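Okay, structure first, notes after.
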Amino acid sequence: MDLLEHQGKALFAAAGLPVLPARLVTAAGEAGPAARELGLPVAVKAQVKTGGRGKAGGIRVCADAAAAAAAAADILGMSIRGHKVEAALVEKAADVEREMYLAISSSRAQRGPLLIFCREGGVDIEKVARRNPAALVRTPIDPLLGLCDYQVRDVIAAAGIDATAVTTAGKSLRQELGAAVRALWRLYRDRDATLAEVNPLVLTKQGDVICLDSKVTIDDNALYRQTDLARDGTEDEREGRARQAGLAFVPLDGDIGVLGNGAGLVMSTIDQIADAGGSAADFCDIGGGARAEVVAAALDVILSSGHVSALLVSIFGGITRCDEVARGLIEVFGTAQVGVPVVVRLDGNAAEAGRAVLAEAALAGVSVAPSAAEAVRLVVATAKASPAAGPPAGAATAGDGQAV
């Protein structure tokens with residue numbers, strides 16, 4: 001379960017992480033008084049479970065109470081990547097000197113928690129890793145031992161903070177950064193999180209460490225232990241529908257829909273799309289042996305954002321033969337109103353036969369790629385060339401249950 005920024009920051013504060021004073025408002029008239037109470041200037045920030053708020057105009061810095069009220073009036077009710085803004089956070093503004101990135105996430109590759117730190121915040125970490133590997137720390141945390149002192153020291157060293165620097169309270173800035181890393185680990189561990197991210201973690205011109213944003217995801221299977229974090233109705237509607245259909249689905253910020261069978265395959269496909277200059281709109285794993293109605297449900301969820309300009313279906317045939325998969329895909333594409341170009345990649349058991357079945361069907365708007373690399377190249381090129389977006393929610397409909 002993803003938390004909104006203000007919910008994540010409430011957990012941050014309880015764990016001892018430094019956050020700025022803030023007030024949650026649901027009406028424009030509440031923003032002015034909140035700004036005066038907090039002290040100007042303030043930032044007015046849309047509360048939605050998606051990225052890209054700043055580019056969409058969902059974050060405004062305001063010098064006076066009237067400007068804060070006007071910003072709240074603009075932000076409340078707006079839609080950001082299909083998410084309606086129903087609340088805004090009025091937060092005291094920070095005088096930022098430097099931005100950094102800090103996160104602890106559940107890593108499938110490491111089979112446990114992974115500490116990630118970058119001395120450059122607000123950026124794509126993968127790009128930084130290629131451009132400046134020394135700026136990035138990635139270290140597994142042993143689930144039994146927990147966060148170790150040497151791992152905290154690695155973060156402090158990577159940050160490159162002057163050993164003599166102190167905070168406004170006279171404390172060592174290095175020690176305060178170390179305390180923030182330890183507090184984030186406690187939050188991740190005690191709250192059954194799969195992600196606890198601060199981007200950016202800032203150093204202010206006054207010399208303080210501040211968590212300027214929060215992104216926290218709680219393991220759904222552990223919610224019975226986190227009774228104060230029961231679902232509040234703000235969950236992404238697509239994620240709810242996907243969960244009911246038995247799909248693993250995570251919305252992303254790009255415009256290329258991704259559907260595959262297997263989490264590793266889907267994640268690898270998303271990385272390849274990024275390397276080819278594209279951007280994935282989702283992570284969607286339909287699992288093994290999925291039936292046609294499940295594929296149709298996945299299409300409906302993926303396309304309902306209205307921001308998908310091309311779709312990549314990547315299937316690896318194991319026990320299920322690819323020619324059987326191909327016939328199931330034909331059934332789905334024949335009954336669902338996809339509305340965007342589709343690239344299909346089949347590999348594994350009977351892949352050549354499956355590609356032949358799809359080629360013979362000659363479905364309009366569906367291309368068959370001979371390899372994963374060619375599929376990625378083709379879908380990225382198609383997305384860049386196509387101004388079209390996906391149809392409105394509910395446009396794709398289920399087939400009659402043919403096995404896929």
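In the structure tokens, each chain is lettered A, B, ... as it comes, each chain's residues begin at 1, and ligands are numbered from 1 in order of appearance.
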Requested in this report: Report the residues of range 176-400 of chain A whose backbone DSSP state falls under strand (DSSP E), written as a PyMOL selection string.
Outcome: chain A and resi 193-204+209-211+215-218+248-251+256-260+282-285+310-317+342-348+366-369
Requested in this report: Find the spatial neighbours of range 344-357 of chain A, counting only C-alpha atoms, within a cut-off of 7 Å - ignore same-chain residues fewer than 2 positions away - and output them as a list of chain:residue names.
Outcome: A:Leu312, A:Val313, A:Ser314, A:Ile315, A:Phe316, A:Gly317, A:Gly318, A:Arg321, A:Cys322, A:Asp323, A:Ala326, A:Val342, A:Ala359, A:Glu360, A:Ala361, A:Ser367, A:Val368, A:Ala369, A:Pro370, A:Ser371, A:Ala372, A:Ala375
Considering only C-alpha atoms, tabulate each residue of range 50-117 of chain A that lies at most 6 Å from range 135-158 of chain A along with its nearest interatomic pair and the corresponding distance in Å to one decimal; arrange the rows by chain and ascending residue number and present them as JSON lines.
{"residue": "A:Pro113", "atom": "CA", "partner": "A:Ile141", "partner_atom": "CA", "distance": 5.3}
{"residue": "A:Leu114", "atom": "CA", "partner": "A:Pro140", "partner_atom": "CA", "distance": 4.4}
{"residue": "A:Leu115", "atom": "CA", "partner": "A:Thr139", "partner_atom": "CA", "distance": 5.3}
{"residue": "A:Ile116", "atom": "CA", "partner": "A:Arg138", "partner_atom": "CA", "distance": 4.7}
{"residue": "A:Phe117", "atom": "CA", "partner": "A:Val137", "partner_atom": "CA", "distance": 5.0}
**Report entry** Using only C-alpha atoms: which of A:Gln337, A:Asn132, A:Asn261, A:Thr382 has the shortest distance to Thr320 in chain A
**Finding:**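 Checking each of A:Gln337, A:Asn132, A:Asn261, A:Thr382 against Thr320 in chain A, counting only C-alpha atoms, the winner is A:Asn261.
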Query - Given only C-alpha atoms as the counted atoms, nearest of A:Cys211, A:Leu184, A:Ala163, A:Ala46 to Leu76 in chain A - result: A:Ala46
Query raised in the report: Counting only C-alpha atoms, which of A:Val343, A:Ala31, A:Val85, A:Ala364 gets nearest to Ala70 in chain A?
Result: A:Ala31
Report summary line: Computed gap from CA of Glu99 in chain A to CA of Gly121 in chain A is 4.7 Å
Query raised in the report: Ile161 in chain A: which residues within 10 Å, counting only C-alpha atoms, same-chain residues fewer than 6 positions away excluded, as a VMD selection string?
Result: chain A and resid 119 173 to 174 177 203
For the residues in the current selection, export N, CA and C atoms as an mmCIF file, in the first residue's frame.
data_model
loop_
_atom_site.group_PDB
_atom_site.id
_atom_site.type_symbol
_atom_site.label_atom_id
_atom_site.label_comp_id
_atom_site.auth_asym_id
_atom_site.auth_seq_id
_atom_site.Cartn_x
_atom_site.Cartn_y
_atom_site.Cartn_z
ATOM 1 N N ARG A 119 24.499 11.197 -3.596
ATOM 2 C CA ARG A 119 24.744 12.583 -3.182
ATOM 3 C C ARG A 119 24.146 13.590 -4.147
ATOM 4 N N LEU A 173 26.989 17.770 11.453
ATOM 5 C CA LEU A 173 26.135 17.498 10.305
ATOM 6 C C LEU A 173 26.292 16.053 9.846
ATOM 7 N N ARG A 174 27.506 15.532 9.936
ATOM 8 C CA ARG A 174 27.726 14.130 9.581
ATOM 9 C C ARG A 174 26.930 13.193 10.501
ATOM 10 N N LEU A 177 23.248 13.254 9.591
ATOM 11 C CA LEU A 177 22.964 12.438 8.414
ATOM 12 C C LEU A 177 22.937 10.963 8.789
ATOM 13 N N LEU A 203 20.180 19.395 2.406
ATOM 14 C CA LEU A 203 20.937 20.196 3.351
ATOM 15 C C LEU A 203 20.519 21.641 3.114
#
Query raised in the report: When DSSP works through the backbone of this structure, what residues of range 94-326 of chain A end up as helix (DSSP H, G or I), shown as a PyMOL selection string?
Result: chain A and resi 125-131+133-135+149-159+173-190+220-225+227-229+237-244+263-275+292-303+322-326
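Distance annotation: of A:Lys92, A:Lys171, A:His307, A:Lys84, the residue with the minimal separation from Asp208 in chain A is A:Lys171; atom set is only C-alpha atoms.
With distances restricted to only C-alpha atoms, A:Ala298 is the closest residue to Asp282 in chain A from A:Leu195, A:Ala69, A:Ala298, A:Ala179.
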